[in-house]
$ cat model-v3.csv   # CSV, C-alpha atoms and all ligand atoms
chain,number,residue,atom,x,y,z
A,612,MET,CA,-6.0,-12.5,3.1
A,613,LYS,CA,-5.5,-9.4,1.0
A,614,GLY,CA,-6.3,-5.8,1.6
A,615,LEU,CA,-6.4,-2.7,-0.7
A,616,ILE,CA,-4.1,0.2,0.3
A,617,SER,CA,-4.2,3.6,-1.4
A,618,GLY,CA,-0.9,4.8,-0.1
A,619,ILE,CA,1.8,4.7,2.6
A,620,LYS,CA,3.3,7.9,4.0
A,621,ARG,CA,6.4,7.9,6.1
A,622,MET,CA,7.7,10.3,8.7
A,623,GLU,CA,4.3,11.7,9.5
A,624,ILE,CA,4.0,13.9,12.6
A,625,HIS,CA,0.3,14.6,12.5
A,626,ASP,CA,-1.1,11.1,12.8
A,627,GLY,CA,-0.4,10.4,16.4
A,628,ASP,CA,2.5,10.6,18.8
A,629,GLY,CA,6.1,10.6,17.5
A,630,LEU,CA,7.2,9.9,14.0
A,631,ARG,CA,4.8,7.5,12.3
A,632,THR,CA,4.2,5.7,9.1
A,633,THR,CA,0.6,6.1,8.0
A,634,VAL,CA,-1.1,3.4,5.9
A,635,PHE,CA,-4.1,4.6,4.0
A,636,PHE,CA,-6.7,1.9,3.5
A,637,LYS,CA,-9.0,2.2,0.5
A,638,GLY,CA,-12.7,2.5,0.9
A,639,CYS,CA,-14.9,4.4,3.4
A,640,PRO,CA,-18.5,4.0,4.6
A,641,LEU,CA,-18.9,7.8,4.9
A,642,LYS,CA,-19.1,10.4,2.1
A,643,CYS,CA,-17.9,13.5,3.9
A,644,ILE,CA,-18.3,16.4,1.6
A,645,TRP,CA,-15.0,17.9,2.8
A,646,CYS,CA,-13.0,14.7,2.2
A,647,HIS,CA,-9.4,15.5,1.3
A,648,ASN,CA,-8.5,11.9,0.4
A,649,PRO,CA,-10.9,11.3,-2.5
A,650,GLU,CA,-8.7,8.4,-3.7
A,651,SER,CA,-9.6,6.6,-0.5
A,652,ILE,CA,-13.4,6.8,-0.8
A,653,SER,CA,-14.0,4.0,-3.2
A,654,ARG,CA,-12.9,0.5,-2.7
A,655,ASP,CA,-12.3,0.1,-6.4
A,656,VAL,CA,-8.9,0.4,-8.1
A,657,GLN,CA,-8.9,3.9,-9.8
A,658,ILE,CA,-6.6,5.3,-12.4
A,659,ALA,CA,-5.9,9.0,-12.0
A,660,TYR,CA,-4.9,11.4,-14.8
A,661,PHE,CA,-3.1,14.6,-13.8
A,662,LYS,CA,-3.5,17.0,-16.7
A,663,ASP,CA,-0.8,19.4,-15.4
A,664,LYS,CA,1.9,16.7,-15.7
A,665,CYS,CA,0.8,15.5,-19.2
A,666,ILE,CA,3.2,16.2,-22.1
A,667,TYR,CA,0.8,14.7,-24.6
A,668,CYS,CA,3.2,12.2,-25.9
A,669,GLY,CA,0.4,9.6,-26.5
A,670,GLU,CA,2.3,6.7,-24.9
A,671,CYS,CA,-0.7,5.9,-22.8
A,672,ALA,CA,-3.1,5.6,-25.7
A,673,ARG,CA,-0.6,3.4,-27.6
A,674,SER,CA,-0.2,1.1,-24.6
A,675,CYS,CA,-3.9,0.6,-24.1
A,676,SER,CA,-5.1,-2.6,-25.8
A,677,SER,CA,-8.7,-1.9,-24.7
A,678,GLY,CA,-9.0,1.2,-26.7
A,679,ALA,CA,-9.9,3.1,-23.6
A,680,ILE,CA,-7.7,6.1,-24.3
A,681,ASN,CA,-7.9,8.6,-27.1
A,682,MET,CA,-5.7,11.6,-27.8
A,683,ILE,CA,-7.8,14.2,-29.6
A,684,ASP,CA,-6.5,17.7,-30.3
A,685,LYS,CA,-4.0,17.5,-27.4
A,686,ARG,CA,-6.6,16.2,-25.1
A,687,ILE,CA,-6.4,12.8,-23.4
A,688,ILE,CA,-9.9,11.2,-23.2
A,689,THR,CA,-10.3,8.1,-21.1
A,690,ASP,CA,-13.4,5.9,-21.4
A,691,GLY,CA,-13.7,4.3,-18.0
A,692,LYS,CA,-16.2,1.8,-19.3
A,693,LYS,CA,-13.7,0.3,-21.6
A,694,CYS,CA,-10.8,0.3,-19.0
A,695,SER,CA,-9.8,-3.2,-17.8
A,696,LEU,CA,-7.5,-1.7,-15.1
A,697,CYS,CA,-4.5,-3.5,-16.6
A,698,LEU,CA,-2.4,-0.5,-15.6
A,699,ASN,CA,-0.3,-0.6,-18.8
A,700,CYS,CA,-0.9,3.2,-19.3
A,701,VAL,CA,0.5,3.9,-15.8
A,702,ASP,CA,3.7,2.0,-16.7
A,703,ALA,CA,3.9,3.6,-20.1
A,704,CYS,CA,3.5,7.2,-18.9
A,705,PRO,CA,6.9,8.9,-18.7
A,706,THR,CA,5.8,11.8,-16.4
A,707,GLY,CA,3.6,10.1,-13.8
A,708,ALA,CA,0.6,11.9,-15.2
A,709,ARG,CA,-1.2,8.6,-15.1
A,710,SER,CA,-1.1,6.9,-11.7
A,711,PHE,CA,-3.2,4.7,-9.6
A,712,PHE,CA,-4.0,4.9,-5.9
A,713,SER,CA,-4.4,1.2,-5.0
A,714,LYS,CA,-2.2,-1.7,-4.3
A,715,GLU,CA,-3.2,-5.1,-3.0
A,716,TYR,CA,-1.1,-6.4,-0.1
A,717,SER,CA,-1.2,-9.5,2.0
A,718,VAL,CA,-0.8,-8.9,5.8
A,719,THR,CA,2.8,-10.0,5.7
A,720,GLU,CA,3.6,-8.0,2.6
A,721,LEU,CA,2.2,-4.8,4.1
A,722,VAL,CA,3.9,-5.3,7.5
A,723,ASP,CA,7.2,-6.2,5.9
A,724,THR,CA,7.0,-3.1,3.7
A,725,VAL,CA,6.4,-0.8,6.7
A,726,ILE,CA,8.7,-2.6,9.2
A,727,ASP,CA,11.8,-1.3,7.5
A,728,ASP,CA,11.2,1.8,9.5
A,729,LYS,CA,11.2,0.0,12.8
A,730,ASP,CA,14.4,1.5,14.2
A,731,PHE,CA,13.1,4.8,13.2
A,732,PHE,CA,9.9,4.3,15.1
A,733,ILE,CA,11.7,3.3,18.2
A,734,ASN,CA,14.1,6.2,18.1
A,735,GLY,CA,11.2,8.6,17.4
A,736,SER,CA,8.8,7.0,19.9
A,737,GLY,CA,6.4,6.6,17.0
A,738,GLY,CA,4.9,3.7,15.1
A,739,VAL,CA,2.2,2.9,12.6
A,740,THR,CA,-1.1,4.6,12.1
A,741,LEU,CA,-3.8,2.7,10.1
A,742,SER,CA,-5.9,5.3,8.4
A,743,GLY,CA,-7.9,5.8,5.2
A,744,GLY,CA,-10.5,6.1,3.9
A,745,GLU,CA,-11.6,4.0,6.8
A,746,CYS,CA,-9.2,1.3,7.8
A,747,LEU,CA,-12.0,-0.6,9.7
A,748,PHE,CA,-14.0,-0.8,6.4
A,749,GLN,CA,-11.7,-3.7,5.7
A,750,PRO,CA,-12.2,-5.1,9.2
A,751,ASN,CA,-10.6,-8.5,9.1
A,752,PHE,CA,-7.5,-7.3,7.2
A,753,ALA,CA,-7.1,-4.3,9.6
A,754,ILE,CA,-7.3,-6.6,12.6
A,755,GLU,CA,-4.8,-9.0,11.2
A,756,VAL,CA,-2.4,-6.1,10.3
A,757,ALA,CA,-2.7,-4.6,13.8
A,758,LYS,CA,-2.1,-8.0,15.3
A,759,GLU,CA,1.0,-8.6,13.3
A,760,PHE,CA,2.5,-5.1,14.1
A,761,TYR,CA,1.7,-5.7,17.7
A,762,ALA,CA,3.5,-9.1,17.6
A,763,ARG,CA,6.5,-7.4,16.1
A,764,GLY,CA,6.6,-4.7,18.8
A,765,VAL,CA,5.4,-1.8,16.7
A,766,SER,CA,2.9,0.7,18.2
A,767,VAL,CA,-0.4,0.8,16.4
A,768,TYR,CA,-2.7,3.8,16.2
A,769,ILE,CA,-6.1,3.6,14.4
A,770,ASP,CA,-7.4,6.8,12.7
A,771,THR,CA,-11.1,6.1,12.4
A,772,CYS,CA,-14.4,7.7,11.6
A,773,GLY,CA,-15.9,5.3,14.1
A,774,PHE,CA,-18.4,3.8,11.6
A,775,ALA,CA,-17.9,0.1,12.1
A,776,GLN,CA,-19.5,-2.7,14.0
A,777,LYS,CA,-18.8,-2.7,17.7
A,778,SER,CA,-17.5,-6.2,17.4
A,779,VAL,CA,-14.7,-4.9,15.1
A,780,PHE,CA,-13.6,-2.5,17.9
A,781,GLU,CA,-13.8,-5.3,20.4
A,782,ARG,CA,-11.5,-7.5,18.3
A,783,ILE,CA,-8.9,-4.9,17.4
A,784,LEU,CA,-8.7,-3.2,20.8
A,785,PRO,CA,-6.0,-5.5,22.3
A,786,TYR,CA,-3.5,-4.6,19.6
A,787,VAL,CA,-4.1,-0.8,19.5
A,788,ASP,CA,-2.3,1.8,21.5
A,789,ALA,CA,-4.6,4.7,20.7
A,790,PHE,CA,-7.5,5.7,18.6
A,791,LEU,CA,-7.6,9.0,16.7
A,792,TYR,CA,-11.4,9.2,16.5
A,793,ASP,CA,-13.4,11.7,14.4
A,794,VAL,CA,-16.4,13.4,15.9
A,795,LYS,CA,-17.8,15.6,13.2
A,796,ALA,CA,-21.2,16.6,14.7
A,797,ILE,CA,-23.4,15.7,17.6
A,798,ASP,CA,-26.7,16.7,15.8
A,799,GLU,CA,-27.6,13.6,13.8
A,800,LYS,CA,-29.1,15.8,11.0
A,801,VAL,CA,-26.0,17.8,10.6
A,802,HIS,CA,-23.9,14.6,10.6
A,803,TYR,CA,-26.1,13.1,8.0
A,804,GLU,CA,-26.0,16.1,5.8
A,805,CYS,CA,-22.2,16.3,6.0
A,806,THR,CA,-21.3,12.6,5.7
A,807,GLY,CA,-24.3,10.8,4.4
A,808,GLN,CA,-24.6,8.6,7.5
A,809,SER,CA,-26.1,8.8,11.0
A,810,ASN,CA,-23.7,9.3,13.9
A,811,ALA,CA,-25.5,7.0,16.3
A,812,LEU,CA,-23.2,4.1,15.7
A,813,ILE,CA,-20.1,6.4,15.9
A,814,LEU,CA,-21.0,7.8,19.3
A,815,ASP,CA,-22.0,4.4,20.6
A,816,ASN,CA,-18.6,3.0,19.6
A,817,LEU,CA,-16.8,6.0,21.2
A,818,GLU,CA,-18.6,5.4,24.4
A,819,PHE,CA,-17.6,1.7,24.2
A,820,LEU,CA,-13.9,2.6,23.8
A,821,LEU,CA,-14.0,5.1,26.6
A,822,SER,CA,-15.7,2.6,28.9
A,823,LYS,CA,-12.9,0.1,28.2
A,824,GLY,CA,-10.2,2.7,29.1
A,825,ALA,CA,-8.9,2.9,25.6
A,826,LYS,CA,-6.6,5.9,24.8
A,827,VAL,CA,-8.7,8.1,22.5
A,828,GLU,CA,-7.9,11.4,20.9
A,829,ILE,CA,-10.9,13.1,19.3
A,830,ARG,CA,-10.5,14.8,16.0
A,831,PHE,CA,-13.0,17.6,15.2
A,832,PRO,CA,-12.6,18.8,11.6
A,833,LEU,CA,-14.0,22.3,11.7
A,834,VAL,CA,-15.7,23.4,8.5
A,835,LYS,CA,-17.1,26.9,8.6
A,836,ASN,CA,-20.8,27.1,7.8
A,837,TYR,CA,-21.1,23.3,7.9
A,838,ASN,CA,-20.3,22.0,11.3
A,839,ASP,CA,-18.9,25.0,13.2
A,840,ASN,CA,-22.3,25.2,15.1
A,841,GLN,CA,-21.4,21.8,16.7
A,842,THR,CA,-18.5,23.1,18.9
A,843,GLU,CA,-20.6,23.7,21.9
A,844,LYS,CA,-22.5,20.5,21.5
A,845,ILE,CA,-19.3,18.5,21.2
A,846,GLY,CA,-18.0,20.2,24.3
A,847,LYS,CA,-21.1,19.4,26.2
A,848,TYR,CA,-21.1,15.8,25.0
A,849,LEU,CA,-17.5,15.1,25.9
A,850,SER,CA,-17.5,16.9,29.2
A,851,LYS,CA,-20.1,14.4,30.5
A,852,PHE,CA,-17.4,11.6,30.6
A,853,ASP,CA,-15.5,11.1,33.9
A,854,ASN,CA,-12.2,11.2,32.1
A,855,PRO,CA,-12.9,13.2,28.9
A,856,PRO,CA,-10.6,12.5,26.0
A,857,LYS,CA,-8.3,15.0,24.5
A,858,ILE,CA,-9.8,16.8,21.5
A,859,LYS,CA,-7.9,18.3,18.6
A,860,VAL,CA,-9.6,20.8,16.3
A,861,LEU,CA,-8.5,20.5,12.7
A,862,LYS,CA,-8.6,23.2,10.1
A,863,TYR,CA,-10.5,22.5,6.9
A,864,HIS,CA,-8.8,23.3,3.6
A,865,SER,CA,-9.9,22.7,0.1
A,866,PHE,CA,-6.5,21.8,-1.5
A,867,ALA,CA,-7.6,18.4,-2.8
A,868,GLY,CA,-9.6,19.7,-5.7
A,869,SER,CA,-7.0,18.6,-8.3
A,870,ARG,CA,-7.3,15.0,-7.0
A,871,TYR,CA,-11.0,14.9,-7.5
A,872,LEU,CA,-10.4,16.2,-11.0
A,873,SER,CA,-7.7,13.6,-11.7
A,874,LEU,CA,-10.1,10.8,-10.7
A,875,ASN,CA,-13.0,12.2,-12.7
A,876,MET,CA,-15.0,12.5,-9.4
A,877,LYS,CA,-17.4,15.2,-8.5
A,878,ASN,CA,-15.6,17.8,-6.4
A,879,THR,CA,-17.8,18.2,-3.2
A,880,LEU,CA,-15.3,20.3,-1.3
A,881,PRO,CA,-17.0,23.3,0.3
A,882,GLN,CA,-15.5,26.5,-1.0
A,883,VAL,CA,-15.3,28.1,2.4
A,884,GLU,CA,-12.4,29.3,4.4
A,885,THR,CA,-11.9,28.1,7.9
A,886,THR,CA,-9.3,30.4,9.4
A,887,ASN,CA,-6.8,29.9,12.2
A,888,SER,CA,-8.8,32.1,14.4
A,889,ASP,CA,-11.9,30.0,13.8
A,890,VAL,CA,-10.0,27.0,15.0
A,891,GLN,CA,-8.6,28.9,18.0
A,892,ASN,CA,-12.1,30.1,18.9
A,893,ALA,CA,-13.4,26.6,19.0
A,894,VAL,CA,-10.4,25.5,21.1
A,895,ASN,CA,-11.1,28.3,23.5
A,896,ILE,CA,-14.7,27.3,23.9
A,897,LEU,CA,-13.8,23.7,24.5
A,898,LYS,CA,-11.1,24.6,27.0
A,899,ASN,CA,-12.7,27.4,28.9
A,900,LYS,CA,-16.4,26.5,28.9
A,901,TYR,CA,-16.1,22.7,29.0
A,902,ALA,CA,-12.8,22.3,30.7
A,903,LEU,CA,-11.6,19.9,28.0
A,904,ASN,CA,-8.0,19.3,27.0
A,905,ALA,CA,-8.4,20.9,23.6
A,906,ILE,CA,-5.6,21.3,21.1
A,907,ASN,CA,-5.3,23.6,18.1
A,908,GLY,CA,-4.4,21.3,15.2
A,909,VAL,CA,-2.9,24.3,13.3
A,910,THR,CA,-0.4,25.2,16.0
A,911,GLU,CA,-0.3,21.9,17.9
A,912,SER,CA,0.1,23.9,21.1
B,1,LIG,S1,-5.5,0.7,-17.3
B,1,LIG,FE1,-5.2,-0.5,-19.1
B,1,LIG,S2,-7.2,-0.6,-20.1
B,1,LIG,FE2,-7.3,1.1,-18.6
B,1,LIG,S3,-6.8,2.9,-19.7
B,1,LIG,FE3,-4.9,2.2,-18.9
B,1,LIG,S4,-4.0,0.8,-20.5
B,1,LIG,FE4,-6.2,1.2,-21.0
B,2,LIG,S1,1.6,8.9,-21.4
B,2,LIG,FE1,1.4,10.4,-19.8
B,2,LIG,S2,2.4,12.2,-20.5
B,2,LIG,FE2,2.0,10.9,-22.3
B,2,LIG,S3,0.0,11.6,-23.1
B,2,LIG,FE3,-0.3,9.9,-21.7
B,2,LIG,S4,-0.8,10.8,-19.7
B,2,LIG,FE4,0.2,12.4,-21.0
$ encode --input "model-v3.csv" --output "structure tokens"
Amino acid sequence: MKGLISGIKRMEIHDGDGLRTTVFFKGCPLKCIWCHNPESISRDVQIAYFKDKCIYCGECARSCSSGAINMIDKRIITDGKKCSLCLNCVDACPTGARSFFSKEYSVTELVDTVIDDKDFFINGSGGVTLSGGECLFQPNFAIEVAKEFYARGVSVYIDTCGFAQKSVFERILPYVDAFLYDVKAIDEKVHYECTGQSNALILDNLEFLLSKGAKVEIRFPLVKNYNDNQTEKIGKYLSKFDNPPKIKVLKYHSFAGSRYLSLNMKNTLPQVETTNSDVQNAVNILKNKYALNAINGVTES
């Protein structure tokens, strides 16, 4: 069994407890307009071109036997329809201006690649976080990876948008120490407008995990003028549980624009500023009005 991974990041401190290695799975069922990992949205292999790193040497065009790359007047033009994804141009590029965000791994290859950090995880009380994209969008691969890490004594966290069949959560639950679970909106209409999907399945799965006593940390990405009117509704929704999960409010930023450009994707990032005080205000509401264990993702206090 093989899975498609868009990247592996070591020594992460924001993807769960302790120092963790985060594995980014490729592909996501949601289309969040504020997505800061555009390379993880599609399940396809994608070649990126970073114009600011290009020295216009023409090596990529010379290496391409499909005629997909042309250099015209110091401009590199790639015809995606002709590209066979051979990756020759990525190897030929001396500056890293051409790169790709996907690599296929077997379960063992992926676990062996990450397990080098095992001593580090143990000393730092961390582990591995399966993220994305949406790791559960490759459900069987994610389950087998989690199972293998578990068997090797490595803590597994799942960073998820929650949009997967309940049976997938049932199957992966025994191998997972915690879920970092996105709640972006309670109003279905708002959720649909921001992500392209209903939140019914997401909330249903969350309730399932909580009913099973799973350790869950809610992640609320706060995007001013888009879902900031959901703070009260999320507070009210979570406070109905007997043992409400911790909730971390995350600050939106629009830094990923260059990656959309490099992948020739439409940049959907809202051009709004969510400030630190917006985040703190949301935290205060969740704490003071709804008695939730709310954390400011900016200050981590
Ligand atoms: S991946 Fe291969 S076919 Fe596609 S542009 Fe690069 S060299 Fe050409
Ligand atoms: S090989 Fe790299 S640096 Fe050279 S022209 Fe192509 S993209 Fe630019």
$ residues_around --input "model-v3.csv" --residues "Thr886 (chain A)" --least-positions-apart "5" --cutoff "12 Å" --atoms "all atoms listed in the file" --output "PyMOL selection string"
chain A and resi 833-835+839+860-864+891-893+907-909
$ closest_residue --input "model-v3.csv" --among "A:Ile687, A:Ala757, A:Val779, A:Cys668" --to "ligand LIG 1 (chain B)" --atoms "all atoms listed in the file"
A:Ile687
$ residues_near_ligand --input "model-v3.csv" --ligand "ligand LIG 1 (chain B)" --cutoff "12 Å" --atoms "only C-alpha atoms and all ligand atoms" --output "compact mmCIF listing (two decimals) with C-alpha atoms, in the coordinates of the input"
# COMPACT_ATOMS: atom_id res chain seq x y z
CA VAL A 656 -8.90 0.40 -8.10
CA GLN A 657 -8.90 3.90 -9.80
CA ILE A 658 -6.60 5.30 -12.40
CA ALA A 659 -5.90 9.00 -12.00
CA TYR A 660 -4.90 11.40 -14.80
CA GLY A 669 0.40 9.60 -26.50
CA GLU A 670 2.30 6.70 -24.90
CA CYS A 671 -0.70 5.90 -22.80
CA ALA A 672 -3.10 5.60 -25.70
CA ARG A 673 -0.60 3.40 -27.60
CA SER A 674 -0.20 1.10 -24.60
CA CYS A 675 -3.90 0.60 -24.10
CA SER A 676 -5.10 -2.60 -25.80
CA SER A 677 -8.70 -1.90 -24.70
CA GLY A 678 -9.00 1.20 -26.70
CA ALA A 679 -9.90 3.10 -23.60
CA ILE A 680 -7.70 6.10 -24.30
CA ASN A 681 -7.90 8.60 -27.10
CA MET A 682 -5.70 11.60 -27.80
CA ILE A 687 -6.40 12.80 -23.40
CA ILE A 688 -9.90 11.20 -23.20
CA THR A 689 -10.30 8.10 -21.10
CA ASP A 690 -13.40 5.90 -21.40
CA GLY A 691 -13.70 4.30 -18.00
CA LYS A 692 -16.20 1.80 -19.30
CA LYS A 693 -13.70 0.30 -21.60
CA CYS A 694 -10.80 0.30 -19.00
CA SER A 695 -9.80 -3.20 -17.80
CA LEU A 696 -7.50 -1.70 -15.10
CA CYS A 697 -4.50 -3.50 -16.60
CA LEU A 698 -2.40 -0.50 -15.60
CA ASN A 699 -0.30 -0.60 -18.80
CA CYS A 700 -0.90 3.20 -19.30
CA VAL A 701 0.50 3.90 -15.80
CA ASP A 702 3.70 2.00 -16.70
CA ALA A 703 3.90 3.60 -20.10
CA CYS A 704 3.50 7.20 -18.90
CA ALA A 708 0.60 11.90 -15.20
CA ARG A 709 -1.20 8.60 -15.10
CA SER A 710 -1.10 6.90 -11.70
CA PHE A 711 -3.20 4.70 -9.60
$ atom_distance --input "model-v3.csv" --atom1 "CA of Phe760 (chain A)" --atom2 "CA of Tyr716 (chain A)"
14.7 Å
$ closest_residue --input "model-v3.csv" --among "A:Thr706, A:Ser653, A:Thr632, A:Ser809" --to "ligand LIG 2 (chain B)" --atoms "only C-alpha atoms and all ligand atoms"
A:Thr706
$ atom_distance --input "model-v3.csv" --atom1 "CA of Lys637 (chain A)" --atom2 "CA of Glu781 (chain A)"
21.8 Å
$ atom_distance --input "model-v3.csv" --atom1 "CA of Ile726 (chain A)" --atom2 "CA of Tyr761 (chain A)"
11.4 Å
